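Student: Pasting input_30.txt here (compact mmCIF, C-alpha atoms):
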# COMPACT_ATOMS: atom_id res chain seq x y z
CA MET A 1 17.47 -25.67 -42.86
CA ALA A 2 14.22 -23.78 -42.50
CA VAL A 3 11.90 -25.25 -39.89
CA GLN A 4 8.37 -23.99 -39.38
CA THR A 5 7.76 -22.79 -35.83
CA LYS A 6 4.50 -22.85 -33.92
CA GLN A 7 2.99 -19.43 -33.47
CA PRO A 8 2.37 -18.44 -29.82
CA GLU A 9 -1.19 -18.80 -28.63
CA THR A 10 -3.16 -15.68 -27.90
CA THR A 11 -5.29 -15.25 -24.79
CA GLN A 12 -8.42 -16.09 -26.78
CA GLN A 13 -6.89 -19.29 -28.19
CA ARG A 14 -5.79 -20.68 -24.82
CA PRO A 15 -8.17 -23.18 -23.22
CA PHE A 16 -10.03 -22.25 -20.06
CA ALA A 17 -8.02 -24.67 -17.89
CA SER A 18 -4.77 -23.06 -19.03
CA LYS A 19 -6.13 -19.59 -18.28
CA LEU A 20 -7.24 -20.74 -14.83
CA VAL A 21 -3.83 -22.22 -14.03
CA ALA A 22 -2.07 -19.05 -15.18
CA TRP A 23 -4.46 -16.91 -13.13
CA MET A 24 -3.93 -19.05 -10.03
CA ARG A 25 -0.18 -18.85 -10.50
CA ARG A 26 -0.33 -15.07 -10.68
CA ILE A 27 -2.47 -14.96 -7.54
CA GLY A 28 -0.04 -17.27 -5.75
CA THR A 29 2.92 -15.16 -6.81
CA ALA A 30 1.22 -11.98 -5.60
CA LEU A 31 0.03 -13.36 -2.25
CA GLY A 32 2.78 -15.88 -1.49
CA ARG A 33 5.37 -13.62 0.10
CA PRO A 34 2.96 -11.46 2.14
CA ILE A 35 1.14 -14.51 3.52
CA VAL A 36 4.36 -16.32 4.38
CA SER A 37 5.70 -13.17 6.07
CA VAL A 38 2.55 -12.81 8.19
CA ILE A 39 2.61 -16.50 9.19
CA LEU A 40 6.27 -16.34 10.19
CA ALA A 41 5.63 -13.15 12.17
CA PHE A 42 2.78 -14.77 14.11
CA ILE A 43 4.92 -17.83 14.80
CA ALA A 44 7.69 -15.60 16.16
CA GLY A 45 5.08 -13.70 18.20
CA ALA A 46 3.84 -16.99 19.64
CA ILE A 47 7.37 -17.81 20.76
CA VAL A 48 7.56 -14.44 22.51
CA ILE A 49 4.28 -15.15 24.33
CA ILE A 50 5.49 -18.59 25.44
CA ILE A 51 8.80 -17.26 26.72
CA THR A 52 7.36 -14.26 28.56
CA TRP A 53 4.21 -15.90 30.00
CA PRO A 54 4.56 -15.78 33.80
CA ASP A 55 2.49 -18.88 34.67
CA LYS A 56 4.45 -21.83 33.33
CA THR A 57 1.90 -24.36 34.65
CA VAL A 58 -0.64 -23.40 31.98
CA ASP A 59 -0.43 -25.00 28.55
CA PRO A 60 1.59 -22.49 26.45
CA PHE A 61 -0.27 -23.29 23.23
CA THR A 62 -3.55 -22.50 24.96
CA ASN A 63 -2.17 -19.12 25.95
CA VAL A 64 -1.09 -18.40 22.39
CA LEU A 65 -4.47 -19.37 20.93
CA HIS A 66 -6.29 -17.33 23.58
CA ALA A 67 -4.13 -14.26 22.90
CA TYR A 68 -4.57 -14.40 19.13
CA SER A 69 -8.29 -15.16 19.32
CA THR A 70 -8.91 -12.12 21.55
CA LEU A 71 -6.72 -10.02 19.26
CA PHE A 72 -8.88 -10.76 16.23
CA SER A 73 -12.21 -10.82 18.07
CA GLY A 74 -11.36 -7.38 19.46
CA SER A 75 -10.86 -6.18 15.89
CA PHE A 76 -13.62 -7.92 13.94
CA GLY A 77 -15.76 -9.70 16.55
CA THR A 78 -18.75 -7.33 16.58
CA GLY A 79 -20.05 -4.47 14.49
CA MET A 80 -18.75 -1.94 17.00
CA ASP A 81 -15.32 -3.61 17.03
CA PHE A 82 -15.20 -3.55 13.25
CA SER A 83 -16.28 0.10 13.29
CA ASN A 84 -13.38 0.98 15.60
CA THR A 85 -11.03 -0.94 13.31
CA LEU A 86 -12.18 1.02 10.26
CA VAL A 87 -11.47 4.26 12.13
CA ARG A 88 -7.81 3.22 12.25
CA VAL A 89 -7.85 1.80 8.73
CA THR A 90 -9.08 4.97 6.99
CA PRO A 91 -6.02 7.23 7.52
CA LEU A 92 -3.77 4.22 7.05
CA ILE A 93 -5.15 3.66 3.54
CA PHE A 94 -4.42 7.26 2.54
CA THR A 95 -0.88 7.29 3.90
CA SER A 96 -0.12 3.82 2.50
CA LEU A 97 -1.17 4.96 -0.97
CA SER A 98 1.18 7.90 -0.47
CA VAL A 99 4.10 5.58 0.24
CA ALA A 100 3.07 3.08 -2.46
CA ILE A 101 2.96 5.51 -5.37
CA ALA A 102 6.39 6.82 -4.40
CA PHE A 103 7.71 3.24 -4.27
CA ARG A 104 6.42 2.73 -7.81
CA ALA A 105 8.70 5.51 -8.99
CA GLY A 106 11.67 4.16 -7.03
CA LEU A 107 11.31 6.76 -4.26
CA PHE A 108 11.21 6.15 -0.50
CA ASN A 109 8.59 8.47 0.97
CA ILE A 110 9.19 8.56 4.73
CA GLY A 111 7.44 11.93 4.88
CA ALA A 112 3.83 10.72 4.98
CA ALA A 113 3.62 11.67 8.67
CA GLY A 114 4.66 15.26 7.96
CA GLN A 115 2.38 15.51 4.92
CA LEU A 116 -0.49 14.26 7.09
CA ALA A 117 0.27 16.95 9.67
CA VAL A 118 0.29 19.87 7.24
CA GLY A 119 -2.86 18.56 5.54
CA ALA A 120 -4.72 18.38 8.85
CA MET A 121 -3.50 21.84 9.89
CA ALA A 122 -4.51 23.42 6.60
CA ALA A 123 -8.01 21.91 6.83
CA ASP A 124 -8.35 23.06 10.45
CA MET A 125 -7.30 26.61 9.58
CA ILE A 126 -9.91 26.80 6.81
CA GLY A 127 -12.58 25.28 9.05
CA LEU A 128 -11.96 27.72 11.91
CA THR A 129 -11.49 30.80 9.73
CA TYR A 130 -14.61 30.30 7.62
CA SER A 131 -16.83 28.55 10.16
CA SER A 132 -19.89 30.48 8.99
CA TRP A 133 -19.82 28.91 5.53
CA PRO A 134 -22.48 26.28 4.74
CA SER A 135 -21.49 22.64 4.94
CA TRP A 136 -21.73 21.99 1.19
CA LEU A 137 -19.04 24.64 0.63
CA LEU A 138 -16.91 24.36 3.77
CA VAL A 139 -16.28 20.58 3.71
CA PRO A 140 -14.97 20.50 0.10
CA ALA A 141 -12.86 23.60 0.79
CA MET A 142 -11.24 21.92 3.80
CA LEU A 143 -10.55 18.72 1.86
CA LEU A 144 -9.10 20.70 -1.04
CA ALA A 145 -6.89 22.70 1.34
CA SER A 146 -5.49 19.49 2.82
CA ILE A 147 -4.82 18.09 -0.65
CA LEU A 148 -2.97 21.23 -1.74
CA ALA A 149 -0.99 21.52 1.50
CA GLY A 150 0.09 17.87 1.36
CA ALA A 151 0.94 18.16 -2.35
CA LEU A 152 3.04 21.25 -1.66
CA TRP A 153 4.90 19.49 1.16
CA GLY A 154 5.54 16.43 -0.98
CA GLY A 155 6.36 18.54 -4.03
CA ILE A 156 9.23 20.17 -2.15
CA VAL A 157 10.81 16.73 -1.80
CA GLY A 158 10.21 15.95 -5.48
CA PHE A 159 11.74 19.25 -6.59
CA LEU A 160 14.85 18.77 -4.44
CA LYS A 161 15.21 15.19 -5.68
CA ALA A 162 14.72 15.96 -9.38
CA TRP A 163 16.62 19.20 -9.83
CA ARG A 164 19.11 19.25 -6.95
CA GLY A 165 19.75 15.54 -6.44
CA ALA A 166 18.88 15.62 -2.71
CA HIS A 167 18.00 12.19 -1.39
CA GLU A 168 14.31 11.89 -0.55
CA VAL A 169 14.95 9.97 2.69
CA VAL A 170 16.93 12.86 4.17
CA THR A 171 14.60 15.60 2.97
CA THR A 172 11.40 13.82 4.08
CA ILE A 173 12.77 13.17 7.56
CA MET A 174 13.78 16.82 7.95
CA LEU A 175 10.45 18.07 6.58
CA ASN A 176 8.62 15.76 8.99
CA TRP A 177 10.05 17.58 11.98
CA ILE A 178 9.49 20.97 10.39
CA ALA A 179 5.85 19.97 9.95
CA PHE A 180 5.55 18.63 13.52
CA TRP A 181 6.97 21.70 15.20
CA GLY A 182 5.36 24.12 12.77
CA THR A 183 1.89 22.70 13.40
CA ASP A 184 2.53 22.69 17.16
CA TYR A 185 3.31 26.40 16.94
CA LEU A 186 0.09 27.12 15.05
CA ILE A 187 -1.98 24.96 17.42
CA ASN A 188 -0.71 26.95 20.42
CA SER A 189 -1.13 30.35 18.72
CA PRO A 190 -4.22 32.54 18.33
CA PRO A 191 -6.70 32.58 16.71
CA PHE A 192 -6.67 28.77 16.50
CA THR A 193 -5.75 27.74 20.05
CA ALA A 194 -8.46 26.89 22.57
CA PRO A 195 -8.99 29.17 25.59
CA PHE A 196 -7.73 28.62 29.16
CA GLY A 197 -4.25 27.56 28.07
CA VAL A 198 -5.29 24.18 26.62
CA THR A 199 -2.72 22.93 24.09
CA GLN A 200 -5.24 22.17 21.37
CA THR A 201 -7.25 24.02 18.75
CA ILE A 202 -10.86 25.12 18.99
CA GLY A 203 -13.34 22.41 18.00
CA LEU A 204 -14.76 22.52 14.48
CA SER A 205 -18.28 23.77 13.92
CA PRO A 206 -20.95 21.17 13.01
CA GLN A 207 -21.00 22.23 9.35
CA ALA A 208 -17.27 21.42 9.11
CA GLN A 209 -17.67 17.84 10.34
CA LEU A 210 -18.06 14.60 8.40
CA PRO A 211 -21.03 12.54 9.64
CA SER A 212 -20.66 9.03 10.96
CA ILE A 213 -22.05 6.23 8.83
CA ALA A 214 -24.50 5.28 11.59
CA ALA A 215 -25.87 8.83 11.84
CA LEU A 216 -26.10 9.11 8.06
CA TYR A 217 -27.98 5.81 7.98
CA ASN A 218 -30.55 7.04 10.50
CA GLN A 219 -31.05 10.26 8.54
CA THR A 220 -31.48 8.55 5.15
CA LEU A 221 -32.27 4.83 5.04
CA GLY A 222 -33.54 4.98 8.60
CA ASN A 223 -36.67 6.66 7.30
CA PHE A 224 -37.62 3.39 5.57
CA LEU A 225 -35.67 0.76 7.53
CA PRO A 226 -35.29 0.16 11.29
CA GLN A 227 -33.17 2.87 12.89
CA LEU A 228 -30.19 2.28 15.15
CA ASP A 229 -30.69 2.72 18.86
CA PRO A 230 -29.72 6.30 19.91
CA PHE A 231 -27.73 4.99 22.89
CA THR A 232 -25.60 2.71 20.70
CA LEU A 233 -25.40 5.18 17.83
CA PHE A 234 -22.24 6.77 19.25
CA SER A 235 -20.54 3.37 19.56
CA TYR A 236 -20.31 3.10 15.76
CA THR A 237 -17.60 5.68 15.27
CA VAL A 238 -16.58 5.07 11.66
CA ASP A 239 -17.43 8.05 9.45
CA VAL A 240 -18.02 8.55 5.75
CA SER A 241 -14.32 9.19 5.10
CA ILE A 242 -13.91 5.41 4.68
CA PHE A 243 -15.75 5.82 1.36
CA LEU A 244 -13.32 8.57 0.38
CA ALA A 245 -10.47 6.16 1.17
CA LEU A 246 -11.98 3.50 -1.10
CA ILE A 247 -12.33 6.09 -3.86
CA ALA A 248 -8.66 6.97 -3.35
CA VAL A 249 -7.77 3.28 -3.80
CA LEU A 250 -9.63 3.23 -7.13
CA ILE A 251 -7.90 6.44 -8.23
CA TYR A 252 -4.51 4.97 -7.35
CA TRP A 253 -5.31 1.78 -9.30
CA PHE A 254 -6.43 3.78 -12.31
CA ILE A 255 -3.32 5.98 -12.28
CA ILE A 256 -0.91 3.05 -11.99
CA SER A 257 -2.63 0.54 -14.26
CA ARG A 258 -4.61 2.51 -16.82
CA THR A 259 -2.68 5.68 -17.65
CA THR A 260 0.45 6.52 -19.59
CA PHE A 261 1.70 8.45 -16.59
CA GLY A 262 1.42 5.35 -14.41
CA TYR A 263 3.33 3.26 -16.94
CA GLU A 264 6.07 5.87 -17.18
CA ILE A 265 6.58 6.15 -13.42
CA ARG A 266 6.84 2.37 -13.23
CA VAL A 267 9.54 2.52 -15.90
CA ILE A 268 11.31 5.23 -13.90
CA GLY A 269 11.15 3.04 -10.82
CA GLU A 270 12.63 0.06 -12.67
CA ASN A 271 15.38 1.88 -14.57
CA PRO A 272 15.66 5.69 -14.45
CA LYS A 273 18.41 5.81 -17.09
CA ALA A 274 16.41 3.73 -19.54
CA ALA A 275 13.37 5.92 -18.91
CA GLN A 276 15.37 9.06 -19.62
CA TYR A 277 16.82 7.50 -22.76
CA ALA A 278 13.30 6.63 -23.91
CA GLY A 279 12.30 10.28 -23.67
CA ILE A 280 10.27 10.10 -20.45
CA PRO A 281 10.46 13.41 -18.54
CA THR A 282 11.87 11.87 -15.37
CA LYS A 283 12.35 15.10 -13.43
CA ARG A 284 8.81 16.28 -14.00
CA HIS A 285 7.40 12.86 -13.13
CA ILE A 286 9.42 12.64 -9.90
CA PHE A 287 8.02 16.01 -8.85
CA LEU A 288 4.45 14.99 -9.75
CA VAL A 289 4.72 11.62 -7.99
CA MET A 290 5.83 13.21 -4.73
CA ALA A 291 3.11 15.86 -5.05
CA ILE A 292 0.46 13.16 -5.52
CA ALA A 293 1.93 11.22 -2.60
CA GLY A 294 1.66 14.31 -0.42
CA ALA A 295 -1.95 14.85 -1.53
CA PHE A 296 -2.92 11.34 -0.43
CA ALA A 297 -1.26 11.82 2.97
CA GLY A 298 -2.82 15.26 3.41
CA LEU A 299 -6.27 13.72 3.01
CA ALA A 300 -5.44 11.31 5.83
CA GLY A 301 -5.03 14.24 8.21
CA SER A 302 -8.10 16.21 7.18
CA THR A 303 -10.54 13.29 7.10
CA HIS A 304 -9.50 12.10 10.54
CA LEU A 305 -9.85 15.63 11.94
CA MET A 306 -13.27 16.18 10.36
CA GLY A 307 -14.71 12.73 11.02
CA GLN A 308 -13.80 11.79 14.59
CA PRO A 309 -15.35 13.21 17.78
CA GLY A 310 -13.33 15.99 19.35
CA TYR A 311 -12.78 17.64 15.97
CA GLU A 312 -9.64 19.44 17.16
CA LEU A 313 -5.88 19.12 16.86
CA SER A 314 -3.62 18.59 19.86
CA ALA A 315 -0.04 19.77 20.21
CA THR A 316 2.68 17.08 19.94
CA ALA A 317 0.04 14.59 18.67
CA PHE A 318 1.49 14.40 15.17
CA SER A 319 4.98 13.46 16.33
CA GLN A 320 3.49 10.57 18.34
CA ASP A 321 1.08 9.34 15.66
CA PRO A 322 2.38 6.06 14.15
CA THR A 323 0.11 6.20 11.07
CA GLY A 324 2.66 7.73 8.72
CA PHE A 325 5.34 5.20 9.60
CA ASP A 326 2.99 2.18 9.69
CA ALA A 327 2.16 3.10 6.11
CA ILE A 328 5.65 2.00 5.03
CA ALA A 329 5.05 -1.53 6.29
CA VAL A 330 1.53 -1.57 4.82
CA ALA A 331 2.76 -0.53 1.37
CA LEU A 332 5.46 -3.21 1.43
CA LEU A 333 3.08 -5.91 2.68
CA GLY A 334 0.56 -4.94 0.00
CA ARG A 335 3.33 -5.00 -2.64
CA THR A 336 2.28 -1.45 -3.66
CA THR A 337 -0.85 -2.75 -5.40
CA ALA A 338 -4.25 -1.18 -4.82
CA ILE A 339 -5.98 -4.29 -3.45
CA GLY A 340 -2.84 -5.23 -1.53
CA VAL A 341 -2.71 -1.85 0.21
CA LEU A 342 -6.40 -2.14 1.11
CA LEU A 343 -6.03 -5.62 2.64
CA ALA A 344 -2.77 -4.77 4.40
CA SER A 345 -4.34 -1.62 5.89
CA LEU A 346 -7.21 -3.72 7.20
CA PHE A 347 -4.72 -6.16 8.72
CA PHE A 348 -2.58 -3.52 10.42
CA GLY A 349 -5.60 -1.55 11.56
CA GLY A 350 -7.03 -4.72 13.05
CA LEU A 351 -3.82 -5.38 14.95
CA ARG A 352 -3.86 -1.88 16.43
CA SER A 353 -7.55 -2.00 17.28
CA GLY A 354 -7.51 -5.48 18.83
CA SER A 355 -4.47 -4.94 21.03
CA THR A 356 -6.61 -3.34 23.76
CA ALA A 357 -8.87 -6.40 24.01
CA MET A 358 -5.85 -8.70 23.98
CA GLN A 359 -4.40 -6.85 26.95
CA ALA A 360 -7.67 -6.68 28.90
CA ILE A 361 -8.85 -10.28 28.32
CA ALA A 362 -5.75 -12.36 27.56
CA HIS A 363 -3.39 -10.24 29.73
CA VAL A 364 -0.82 -10.00 26.94
CA ASP A 365 1.18 -6.81 26.58
CA PRO A 366 -0.15 -4.78 23.62
CA ASN A 367 3.44 -4.13 22.53
CA LEU A 368 3.27 -7.63 21.04
CA VAL A 369 1.40 -6.01 18.15
CA LEU A 370 4.40 -3.75 17.50
CA ILE A 371 6.66 -6.80 17.53
CA ILE A 372 4.43 -8.56 14.98
CA GLU A 373 4.37 -5.50 12.73
CA ALA A 374 8.16 -5.22 12.85
CA LEU A 375 8.57 -8.92 12.12
CA VAL A 376 6.23 -8.74 9.15
CA LEU A 377 8.37 -5.96 7.70
CA PHE A 378 11.53 -7.92 8.49
CA PHE A 379 10.32 -11.12 6.80
CA ILE A 380 9.15 -9.21 3.72
CA ALA A 381 12.55 -7.58 3.39
CA ALA A 382 14.33 -10.91 3.97
CA GLU A 383 12.27 -12.65 1.24
CA PHE A 384 12.25 -16.10 2.78
CA LEU A 385 9.71 -17.52 0.30
CA PRO A 386 12.19 -17.97 -2.60
CA VAL A 387 14.56 -19.75 -0.21
CA ILE A 388 11.75 -22.06 0.93
CA GLN A 389 10.80 -22.77 -2.68
CA ARG A 390 14.36 -23.71 -3.59
CA ILE A 391 14.77 -26.23 -0.78
CA MET A 392 11.40 -27.92 -1.38
CA PRO A 393 11.48 -31.22 -3.33
CA ASN A 394 10.48 -31.05 -6.98
CA TRP A 395 7.46 -33.35 -6.57
CA MET A 396 5.75 -30.72 -4.39
CA GLY A 397 5.70 -28.32 -7.32
CA LEU A 398 7.07 -25.40 -5.29
CA GLY A 399 10.53 -25.32 -6.80
CA ARG A 400 10.13 -22.98 -9.74
CA ARG A 401 12.67 -22.92 -12.51
CA PRO A 402 12.63 -20.52 -15.46
CA SER A 403 11.53 -22.14 -18.68
CA LEU A 404 13.50 -21.84 -21.90
CA VAL A 405 11.92 -19.08 -23.97
CA PRO A 406 13.54 -18.31 -27.32
CA ALA A 407 14.23 -14.69 -28.14
CA THR A 408 12.42 -13.87 -31.36
CA ILE A 409 13.67 -11.06 -33.61
CA GLY A 410 12.26 -10.54 -37.08
CA GLY A 411 10.64 -13.95 -37.20
CA ILE A 412 13.87 -15.80 -36.30
CA ALA A 413 13.96 -17.65 -33.00
CA SER A 414 17.47 -17.97 -31.60
CA VAL A 415 17.94 -20.78 -29.09
CA GLU A 416 21.20 -21.49 -27.28
CA VAL A 417 22.13 -25.19 -27.35
CA PRO A 418 25.07 -27.05 -25.83
CA GLU A 419 28.21 -27.15 -27.91
CA MET A 420 28.26 -30.20 -30.18
CA SER A 421 31.02 -31.58 -32.33
CA ASN A 422 30.29 -31.86 -36.08
CA GLY A 423 33.04 -34.35 -36.80
CA ASN A 424 35.56 -31.72 -37.87
CA GLY A 425 36.22 -30.44 -34.43
CA ASP A 426 34.10 -27.33 -34.98
CA GLY A 427 31.48 -26.42 -32.40
CA GLU A 428 27.91 -25.40 -33.18
CA ASN A 429 26.55 -23.05 -30.52
CA GLU A 430 23.40 -21.58 -32.09
CA LEU A 431 20.37 -22.96 -33.86
CA ASN A 432 18.32 -20.55 -36.00
CA ILE A 433 14.71 -21.41 -36.68
CA THR A 434 12.64 -19.29 -39.08
CA ASP A 435 9.10 -19.40 -40.31
CA LEU A 436 9.64 -16.81 -43.02
CA ASP A 437 11.88 -18.71 -45.42
CA GLN A 438 9.58 -21.65 -46.01
CA ALA A 439 10.10 -23.41 -49.31
CA GLU A 440 7.20 -23.27 -51.75
CA PRO A 441 5.64 -26.63 -52.73
CA GLY A 442 7.67 -28.18 -55.51
CA GLN A 443 10.60 -25.85 -54.86
CA ALA A 444 13.90 -27.16 -53.61
CA GLU A 445 15.12 -25.95 -50.27
CA PRO A 446 18.10 -23.58 -50.27
CA GLY A 447 21.40 -25.35 -50.30
CA LYS A 448 20.01 -28.47 -52.03
CA GLU A 449 20.32 -29.39 -55.69
CA GLU A 450 17.39 -30.64 -57.77
Represent the structure from my file as C-alpha cells, please.
Tutor:
Amino acid sequence: MAVQTKQPETTQQRPFASKLVAWMRRIGTALGRPIVSVILAFIAGAIVIIITWPDKTVDPFTNVLHAYSTLFSGSFGTGMDFSNTLVRVTPLIFTSLSVAIAFRAGLFNIGAAGQLAVGAMAADMIGLTYSSWPSWLLVPAMLLASILAGALWGGIVGFLKAWRGAHEVVTTIMLNWIAFWGTDYLINSPPFTAPFGVTQTIGLSPQAQLPSIAALYNQTLGNFLPQLDPFTLFSYTVDVSIFLALIAVLIYWFIISRTTFGYEIRVIGENPKAAQYAGIPTKRHIFLVMAIAGAFAGLAGSTHLMGQPGYELSATAFSQDPTGFDAIAVALLGRTTAIGVLLASLFFGGLRSGSTAMQAIAHVDPNLVLIIEALVLFFIAAEFLPVIQRIMPNWMGLGRRPSLVPATIGGIASVEVPEMSNGNGDGENELNITDLDQAEPGQAEPGKEE
C-alpha cells in the first residue's frame, strides 16, 4: 500500500524556536566535553591542594578558593597581567593550529616543537645576515623564511608518511631532536653567536623587531588620544604578533570549513580508504597537511623571537620550551576547531601566566598547573561526559538516545519494524513507504479491483 510521506523541512521552513533549540544543542555538544574535563581537572587539583597543604588548622576550602582566585587574577586581573598572558598565548595559538590541522587529517603531529625551532632559527639567520635591510622588507622576509623552514620540516614527515609509510609519531619525535641539536649548533657557531662565549645569538637590529602594541598605540592613536605612561609602557609586553595569530585562526577556519581541500582532508581523517576510493589524492594531501602544520609552527618561533625583548635565541632553550607539547592538549581541548583552539590557548596560557602569582601569594607550588593540564588531557581522552549522560535519569534530559531516522533511497523510506505474525506464521520485517506511487484521484490502488 502506498502511503504519502511528509517531506523533511528545510532550514527556512523550520520555526525560529526549533532553530534555536538545534543551535543550543550543537553548542552544548561542542562545549560539553571540554567544560566537563576542565571542571573535573580543577576538582582533582583541589584535592591535591587539600592533601598537600601543610597547615591543617586552616579551612581547606578557603585555601583552594584562595589558590584558584590568585591563579586567575594573576592571569587576567589587570591589563599588565592580561598582556603577559597574551605573550604566552600567541605562540601557543600557532603551534595548536599546527597540531589541529594534522589531527583533522588523522595525523598526530608531535613535531610542533621542532618545527618551531627551525622556524625561529631561519628567521634569526635572515635577520642577522641582512640586518641593513629596511624594516618593511626585512620583517616579511624573516616571517616568510620561518614559514618555509617550518613547512620543509613538516613536509619531510608528510613525505615519509605518504610514500614510505613511516609513522608520523616516530619521525616527528626524531626530527624534534635533530632540530633541537641542529639549532644549538648554529646558535653557538659564528657568525650568529654572541661574543665573549655567551651561548646565545646576537640580538636582532631594531628594524627586524615587531613593535609592542603599547608602543604602536603611542606612535599612532597616541597622537589623538591620551598616551601611555613611558614608565609603564614596558610593562605591556604583548606585541603585534597576537594579530598575526588571530589571522592564522581565520585562515585555519577558512581552510577547514570553506575549501574543497579542507573537506577532503577531513574525509581522509575519517576514513583514508574511502577517501582513496573516492578519488581523493591522499598522499599529496598528507604531504600538504604536514607542510601547512609546519608553517604554522614555524611562525610561532619567528614571531616570539621578533616580538619579545632580548630578540635573541639561547642554546638548549628549544628543548626546554613546553609550547610545542602544550599545543597537543590545547588542540584536543579545543576539539580542533578554530574558536576552540583560540579559547583553549587562552586558558592554557592563563594557567602558565598565573602560576607565578599563585606561588607568590597563595604559596601553592606552580607545578599544580602542570597537574591540571595533564588532568584536562586525561579527562578528554577518557570521555567521561557520555558515561555521565547515560547514568543520568531521563527526566533531566541528559540521557541522549538516537532517534529513528528512516534511510531514504529513491523516494522509498525503509523502516525496520519488529517481526509480526500475519496469521500464516510468516514474519514481516520491513515496511516500505513511498511517495512516488500515489494513486491518481478516481484510480484504484494497485492490488485492488474496481
Student: From the set A:His167, A:Lys161, A:His304, A:Arg335, which residue has the shortest atom-to-atom contact distance to Thr282 (chain A), counting all atoms listed in the file?
Tutor: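 Looking only at the distances to Thr282 (chain A), the closest residue turns out to be A:Lys161.
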Student: Here is a test: counting only C-alpha atoms, which residue of A:Ala44, A:Val369, A:Leu246, A:Leu31 is nearest to Leu342 (chain A)?
Tutor: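 Answer, going by the shortest atom-to-atom distance: A:Leu246.
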Student: Please provide the set of residues having any atom within 8 Å of Pro34 (chain A), restricted to all atoms listed in the file, with same-chain residues fewer than 3 positions apart removed, written as a VMD selection string.
Tutor: chain A and resid 30 to 31 37 to 38 333 to 334 380
Student: Those same residues, written as a compact mmCIF listing (two decimals), in the coordinates of the input with C-alpha atoms?
Tutor:
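What landed in out-v6.txt:
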# COMPACT_ATOMS: atom_id res chain seq x y z
CA ALA A 30 1.22 -11.98 -5.60
CA LEU A 31 0.03 -13.36 -2.25
CA SER A 37 5.70 -13.17 6.07
CA VAL A 38 2.55 -12.81 8.19
CA LEU A 333 3.08 -5.91 2.68
CA GLY A 334 0.56 -4.94 0.00
CA ILE A 380 9.15 -9.21 3.72
Student: Here's a test: counting only C-alpha atoms, identify every protein, DNA and RNA residue with an atom at most 12 Å from (-1.9, 28.1, 4.3) in the file's coordinate frame, and state them as a list in words.
Tutor: Val118, Gly119, Ala120, Met121, Ala122, Ala123, Asp124, Met125, Ile126, Thr129, Met142, Leu144, Ala145, Ser146, Ile147, Leu148, Ala149, Gly150, Leu152, Trp153, Gly182, Thr183 and Leu186 of chain A
Student: What separation in Å, quoted to one decimal, exists between CA of Glu168 (chain A) and CA of Asn109 (chain A)?
Tutor: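 Atom-to-atom, CA of Glu168 (chain A) to CA of Asn109 (chain A), that is 6.8 Å.
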Student: When you count all atoms listed in the file, which of these residues is closest to Leu228 (chain A): A:Ile213, A:Ala67, A:Ile187, A:Leu332?
Tutor: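 Selected residue with least distance to Leu228 (chain A): A:Ile213.
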Student: Closest to Ile93 (chain A) among A:Val48, A:Ala112, A:Leu368, A:Ala117, using all atoms listed in the file?
Tutor: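 Closest residue, counting all atoms listed in the file: A:Ala112.
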Student: Ile156 (chain A): which residues within 9 Å, counting only C-alpha atoms, same-chain residues fewer than 2 positions away excluded, as an MDAnalysis selection string?
Tutor: chainID A and resid 151:154 158:161 171 287 290:291
Student: Tell me, as a PyMOL selection string, which residues lie within 12 Å of Tyr263 (chain A), counting only C-alpha atoms; anything in the same chain fewer than 6 positions away does not count.
Tutor: chain A and resi 101+104-105+253-257+269-270+275+280+285
Student: Please provide the set of residues having any atom within 12 Å of region 79-87 of chain A, restricted to all atoms listed in the file, with same-chain residues fewer than 2 positions apart removed, written as a ChimeraX atom specification.
Tutor: /A:70-77,89-93,212-214,232-243,245-246,300,303-305,307-309,323,342-343,345-357
